[in-house]
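Asks: Below are the structure tokens for one structure; questions will follow.
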Amino acid sequence: MNLAGKNVLVTGGAGFIGSELVMQLIKENANVFVLDNFLSGSKENLKECEKDITLIEADIRDAKLADIFTKNDIEYVFNLAAMPYIPECYEKPAEFFAINAVGALNVMLACKKAGVERVMQYSTSEVYGSAQYVPMDESHPINPHSTYAVSKVAADRLCFTLYHEQQVPVIILRQFNVFGPRETHPYVIPEIISQLSKSNVLHLGNIEAKRDFTYVSDAARAAIELMKHKEAEGQVFNCGSGKSWSIKEIAEITGEIMDVKDLKIVVEKQRLRPLDVQILEASYFKLFRLTGWKPEVSFEEGLRKTVEWFNACGKRWPWEKG
Ligand SMILES: NC(=O)c1ccc[n+]([C@@H]2O[C@H](COP(=O)([O-])OP(=O)(O)OC[C@H]3O[C@@H](n4cnc5c(N)ncnc54)[C@H](O)[C@@H]3O)[C@@H](O)[C@H]2O)c1
């Protein structure tokens with residue numbers, strides 16, 4: 001099965017991962033619809049492809065979401081719309097739940113009502129909490145450490161239940177950390193790049209924490225390949241690189257790429273998270289077995305591309321541009 005000629009809608013398509021997914025779907029010759037409320041995403045992210053998409057400014061919590069899907073004959077939905085930035089969830093747990101869990105429920109019910117062929121819930125490795133063993137497969141215990149992660153667990157369980165109770169044709173993709181151009185939040189990699197563009201002294205939080213990073217083009221390709229498989233419905237799939245790097249290692253590699261001399265790292269207590277995940281490292285074997293997907297862009301190459309993009313954008317991330 002392929003998505004050519006299909007009406008495919010991406011919620012959160014104006015965001016970081018969503019905009020990459022949209023551009024790859026256009027290359028697959030899908031008819032692409034983006035539904036976004038521009039909470040963190042922007043039209044700027046879709047500038048390269050604005051003529052090739054139908055942009056719908058709406059909220060996934062809209063009671064008339066099914067009508068939007070029906071009116072546009074939507075056949076496939078990727079649900080990426082969310083509040084994903086963990087430091088913000090300490091201040092706004094209710095908003096995180098309203099969008100990430102209740103919003104996802106609304107998307108699933110709208111898909112059912114509009115007779116959508118297949119929907120993907122975009123989940124996260126954060127649902128697992130810190131690794132109890134590595135690599136982490138889909139059977140790893142669920143132990144979310146933040147209200148963000150709990151809201152994503154709630155969405156995952158809702159999807160699983162709706163698949164069984166109401167035959168909502170949903171696939172759950174648990175993505176490990178993603179990085180690349182057009183990031184929308186000051187996660188650790190953009191933060192390191194930004195600080196190193198100004199100084200050789202880095203101010204960071206938990207530098208021993210290890211994360212599994214997938215370059216954004218690989219992450220989007222995984223979602224597309226998985227969407228093509230009906231047999232994936234009702235199941236959970238991990239996506240990650242299968243390797244992990246400590247924040248300290250990332251700082252050192254980035255320093256080399258950016259040619260920073262005499263790199264110094266200062267650990268600041270106020271940057272530590274209340275309950276941090278110590279290590280995440282994926283097993284993507286289940287995804288590979290079904291789709292043949294594996295990462296193509298190495299971590300170093302991805303970092304290099306990200307730094308190039310940052311430099312081309314005037315050495316400022318979107319949130320640094322006043
Ligand atoms: N970035 C990562 O490392 C990572 C890892 C695993 C999973 N995820 C998941 O990937 C998805 C995309 O994350 P991202 O990193 O691209 O973040 P992002 O903030 O760039 O994307 C989220 C998008 O959703 C939109 N949005 C938010 N609330 C909405 C609402 N109520 N209705 C419609 N649109 C809304 C935002 O405007 C934005 O465009 C999220 O579901 C996130 O939980 C991200």
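The chains in the structure tokens are called A, B, ... from first to last as shown; in each chain the residues are counted from 1, and the ligands are counted from 1 in the order shown.
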Within 8 Å of region 287-289 of chain A, counting only C-alpha atoms, which residues qualify if same-chain residues fewer than 2 places away don't, as a list in words?
Replies: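 Once the nearby chain positions are removed, what remains is Leu226, Phe237, Asn238, Cys239, Tyr284, Phe285, Thr291, Gly292, Trp293 and Lys294 of chain A.
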Asks: Can you write out as CSV which residues of chain A fall within 8 Å of ligand 1, alongside each residue's closest atom pair and its distance in Å to one decimal, counting only C-alpha atoms and all ligand atoms and ordering rows by chain and ascending residue number?
Replies:
```
residue,atom,partner,partner_atom_place_in_ligand_line,distance
A:Thr11,CA,ligand 1,34 (N),5.9
A:Gly12,CA,ligand 1,24 (O),3.4
A:Gly13,CA,ligand 1,39 (O),5.6
A:Ala14,CA,ligand 1,39 (O),4.2
A:Gly15,CA,ligand 1,39 (O),3.3
A:Phe16,CA,ligand 1,16 (O),3.7
A:Ile17,CA,ligand 1,16 (O),3.8
A:Gly18,CA,ligand 1,16 (O),5.4
A:Ser19,CA,ligand 1,16 (O),7.7
A:Leu35,CA,ligand 1,33 (C),6.1
A:Asp36,CA,ligand 1,34 (N),3.7
A:Asn37,CA,ligand 1,33 (C),4.3
A:Phe38,CA,ligand 1,37 (O),3.5
A:Leu39,CA,ligand 1,37 (O),3.7
A:Ser40,CA,ligand 1,37 (O),4.0
A:Gly41,CA,ligand 1,39 (O),3.2
A:Ser42,CA,ligand 1,39 (O),6.4
A:Glu57,CA,ligand 1,33 (C),7.8
A:Ala58,CA,ligand 1,33 (C),5.9
A:Asp59,CA,ligand 1,32 (N),3.4
A:Ile60,CA,ligand 1,32 (N),4.1
A:Arg61,CA,ligand 1,31 (N),5.9
A:Asn79,CA,ligand 1,41 (O),7.0
A:Leu80,CA,ligand 1,41 (O),4.1
A:Ala81,CA,ligand 1,24 (O),3.4
A:Ala82,CA,ligand 1,27 (C),4.4
A:Met83,CA,ligand 1,27 (C),5.4
A:Pro84,CA,ligand 1,43 (O),4.4
A:Tyr85,CA,ligand 1,19 (O),7.1
A:Ile99,CA,ligand 1,31 (N),5.2
A:Asn100,CA,ligand 1,41 (O),7.3
A:Gly103,CA,ligand 1,31 (N),6.6
A:Gln121,CA,ligand 1,41 (O),7.9
A:Tyr122,CA,ligand 1,41 (O),5.2
A:Ser123,CA,ligand 1,7 (C),5.3
A:Thr124,CA,ligand 1,6 (C),4.1
A:Ser125,CA,ligand 1,6 (C),6.3
A:Glu126,CA,ligand 1,6 (C),7.5
A:Lys152,CA,ligand 1,43 (O),7.2
A:Arg174,CA,ligand 1,6 (C),6.7
A:Gln175,CA,ligand 1,6 (C),4.4
A:Phe176,CA,ligand 1,6 (C),5.0
A:Asn177,CA,ligand 1,3 (O),3.7
A:Val178,CA,ligand 1,3 (O),3.8
A:Phe179,CA,ligand 1,3 (O),6.3
A:Glu183,CA,ligand 1,20 (O),6.4
A:Thr184,CA,ligand 1,20 (O),4.7
A:His185,CA,ligand 1,19 (O),6.9
A:Phe213,CA,ligand 1,3 (O),7.8
```
Asks: How about saving the chosen residues, C-alpha atoms kept, as a short mmCIF file (atom, residue, chain, number, x, y, z; two decimals), in the first residue's frame?
Replies:
```
data_model
loop_
_atom_site.label_atom_id
_atom_site.label_comp_id
_atom_site.auth_asym_id
_atom_site.auth_seq_id
_atom_site.Cartn_x
_atom_site.Cartn_y
_atom_site.Cartn_z
CA THR A 11 -2.50 17.36 13.22
CA GLY A 12 0.36 19.45 14.58
CA GLY A 13 1.71 19.60 11.01
CA ALA A 14 3.08 23.13 11.53
CA GLY A 15 5.36 21.91 14.33
CA PHE A 16 8.88 20.50 14.37
CA ILE A 17 8.30 16.82 13.50
CA GLY A 18 4.96 17.54 11.81
CA SER A 19 6.45 19.91 9.22
CA LEU A 35 -4.56 20.93 11.01
CA ASP A 36 -2.90 23.14 13.59
CA ASN A 37 -3.79 25.88 16.08
CA PHE A 38 -0.23 27.35 15.95
CA LEU A 39 0.29 27.03 19.69
CA SER A 40 3.97 26.19 19.11
CA GLY A 41 3.97 25.50 15.36
CA SER A 42 4.11 28.22 12.70
CA GLU A 57 -6.43 26.40 11.36
CA ALA A 58 -8.31 24.47 14.05
CA ASP A 59 -7.96 22.84 17.44
CA ILE A 60 -7.99 19.07 17.91
CA ARG A 61 -10.45 19.64 20.78
CA ASN A 79 -2.07 12.84 15.35
CA LEU A 80 0.99 14.84 16.38
CA ALA A 81 -0.79 17.86 17.92
CA ALA A 82 0.32 18.14 21.54
CA MET A 83 2.01 20.19 24.20
CA PRO A 84 5.32 18.30 24.28
CA TYR A 85 7.81 20.47 26.15
CA ILE A 99 -4.66 18.63 24.64
CA ASN A 100 -2.53 15.50 24.88
CA GLY A 103 -7.60 16.11 22.53
CA GLN A 121 -1.26 8.30 17.63
CA TYR A 122 2.19 9.85 17.98
CA SER A 123 3.41 8.78 21.41
CA THR A 124 6.71 9.05 23.22
CA SER A 125 9.40 7.01 24.96
CA GLU A 126 8.76 9.20 28.03
CA LYS A 152 0.70 10.56 26.75
CA ARG A 174 6.35 5.61 20.58
CA GLN A 175 9.07 7.90 19.32
CA PHE A 176 12.29 8.38 21.29
CA ASN A 177 13.93 11.84 21.25
CA VAL A 178 14.06 13.62 17.90
CA PHE A 179 16.36 16.43 16.78
CA GLU A 183 12.86 22.65 16.48
CA THR A 184 10.12 24.56 18.30
CA HIS A 185 11.25 24.28 21.94
CA PHE A 213 18.18 10.55 19.42
#
```
Asks: Using only C-alpha atoms, which residues sit within 10 Å of Pro141 (chain A) once same-chain residues fewer than 3 positions away are excluded, as a PyMOL selection string?
Replies: chain A and resi 127-133+136-138+144
Asks: Take the residues that were just selected and, keeping N, CA and C atoms, output them as a short mmCIF file (atom, residue, chain, number, x, y, z; two decimals), in the first residue's frame.
Replies:
```cif
data_model
loop_
_atom_site.label_atom_id
_atom_site.label_comp_id
_atom_site.auth_asym_id
_atom_site.auth_seq_id
_atom_site.Cartn_x
_atom_site.Cartn_y
_atom_site.Cartn_z
N VAL A 127 6.83 7.68 28.14
CA VAL A 127 5.84 6.86 28.87
C VAL A 127 6.54 5.76 29.68
N TYR A 128 7.72 5.34 29.25
CA TYR A 128 8.41 4.23 29.93
C TYR A 128 9.11 4.67 31.21
N GLY A 129 9.41 5.99 31.33
CA GLY A 129 10.26 6.43 32.44
C GLY A 129 11.68 5.95 32.18
N SER A 130 12.52 6.02 33.19
CA SER A 130 13.92 5.64 33.01
C SER A 130 14.04 4.14 32.71
N ALA A 131 15.01 3.80 31.85
CA ALA A 131 15.15 2.39 31.43
C ALA A 131 15.41 1.46 32.60
N GLN A 132 14.64 0.37 32.66
CA GLN A 132 14.93 -0.70 33.63
C GLN A 132 15.83 -1.74 32.98
N TYR A 133 15.85 -1.76 31.65
CA TYR A 133 16.80 -2.56 30.88
C TYR A 133 16.94 -1.88 29.52
N MET A 136 15.21 -0.78 25.13
CA MET A 136 13.84 -0.83 25.64
C MET A 136 12.89 -1.25 24.52
N ASP A 137 12.21 -2.39 24.73
CA ASP A 137 11.24 -2.80 23.72
C ASP A 137 9.84 -2.35 24.16
N GLU A 138 8.84 -2.77 23.41
CA GLU A 138 7.47 -2.29 23.67
C GLU A 138 6.89 -2.92 24.94
N PRO A 144 5.72 6.60 33.88
CA PRO A 144 5.94 7.99 33.47
C PRO A 144 6.42 8.88 34.61
#
```
Asks: Name the residues of region 7-249 of chain A that fall into alpha helix (DSSP H) according to DSSP on the backbone, using the chain letters and numbers of this document, as a PyMOL selection string.
Replies: chain A and resi 16-27+65-71+86-89+93-96+104-114+147-166+188-196+216-227+247-249
Asks: Using DSSP on the backbone coordinates, identify all residues within region 71-240 of chain A classified as strand (DSSP E or B); present the result as a ChimeraX atom specification.
Replies: /A:76-79,118-124,136,170-175,178-179,201-204,210-211,214-215,236-239
Asks: Might you pull out every residue within 6 Å of Val267 (chain A), with only C-alpha atoms counted and same-chain residues fewer than 4 positions away left off, and present them as a PyMOL selection string?
Replies: chain A and resi 203-205
Asks: Can I get the selected residues back with C-alpha atoms, as an mmCIF file, in the first residue's frame?
Replies:
```cif
data_model
loop_
_atom_site.group_PDB
_atom_site.id
_atom_site.type_symbol
_atom_site.label_atom_id
_atom_site.label_comp_id
_atom_site.auth_asym_id
_atom_site.auth_seq_id
_atom_site.Cartn_x
_atom_site.Cartn_y
_atom_site.Cartn_z
ATOM 1 C CA HIS A 203 25.409 26.025 31.231
ATOM 2 C CA LEU A 204 23.500 22.744 31.468
ATOM 3 C CA GLY A 205 21.433 20.590 33.870
#
```
Asks: Rounded to one decimal in Å, what is the spacing between CA of Val236 (chain A) and CA of Ile171 (chain A)?
Replies: 6.5 Å
Asks: Using only C-alpha atoms, which of the listed residues (A:Val134, A:Ala30, A:Cys111, A:Leu173) sits closest to Ala220 (chain A)?
Replies: A:Leu173
Asks: Separation of CA of Asp259 (chain A) and CA of Asn200 (chain A), in Å?
Replies: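 The value is 9.9 Å.
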Asks: Smallest atom-to-atom distance to Asn143 (chain A): which of A:Leu275, A:Ala251, A:Met108, A:Ile192, using only C-alpha atoms?
Replies: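 So, comparing all the options, the nearest one is A:Leu275.
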Asks: Any idea what's packed within 8 Å of Cys159 (chain A), counting only C-alpha atoms, ignoring anything in its chain fewer than 3 positions away? Could you give it as a ChimeraX atom specification?
Replies: /A:105,108,121,155-156,162-163,168,170,172
Asks: With C-alpha atoms retained, export the selected residues as a compact mmCIF listing (two decimals), in the first residue's frame.
Replies:
```
# COMPACT_ATOMS: atom_id res chain seq x y z
CA LEU A 105 -9.58 11.12 22.45
CA MET A 108 -9.88 9.16 17.67
CA GLN A 121 -1.26 8.30 17.63
CA ALA A 155 -3.74 8.84 25.24
CA ASP A 156 -2.02 5.51 24.48
CA LEU A 162 -10.93 2.43 21.49
CA TYR A 163 -9.33 -0.01 19.04
CA VAL A 168 -10.89 2.71 15.80
CA VAL A 170 -5.27 3.20 15.37
CA ILE A 172 0.54 3.83 18.40
```
Asks: Taking 3 positions as the minimum chain separation for residues in the same chain, which residues sit within 12 Å of region 164-167 of chain A when counting only C-alpha atoms? Answer as a list in words.
Replies: Met108, Leu109, Ala110, Cys111, Lys112, Lys113, Gly115, Val116, Glu117, Arg118, Val119, Arg157, Leu158, Cys159, Phe160, Thr161, Val170, Ile171, Glu233, Gly234 and Gln235 of chain A
Asks: Could you state the separation of CA of Lys248 (chain A) and CA of Tyr90 (chain A) in Å, given to one decimal place?
Replies: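 Taking CA of Lys248 (chain A) as the start and CA of Tyr90 (chain A) as the end point, the length is 24.7 Å.
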Asks: Could you pull the residues within 12 Å of region 295-305 of chain A, counting only C-alpha atoms, minus those fewer than 3 positions along the same chain, as JSON, numbers by chain?
Replies: {"A": [177, 178, 179, 180, 181, 182, 189, 190, 192, 193, 211, 212, 213, 214, 215, 216, 217, 218, 219, 220, 221, 222, 239, 240, 241, 242, 243, 244, 245, 249, 250, 251, 252, 253, 254, 255, 256, 257, 258, 259, 282, 283, 284, 285, 287, 288, 292, 308, 309, 310, 311, 312]}
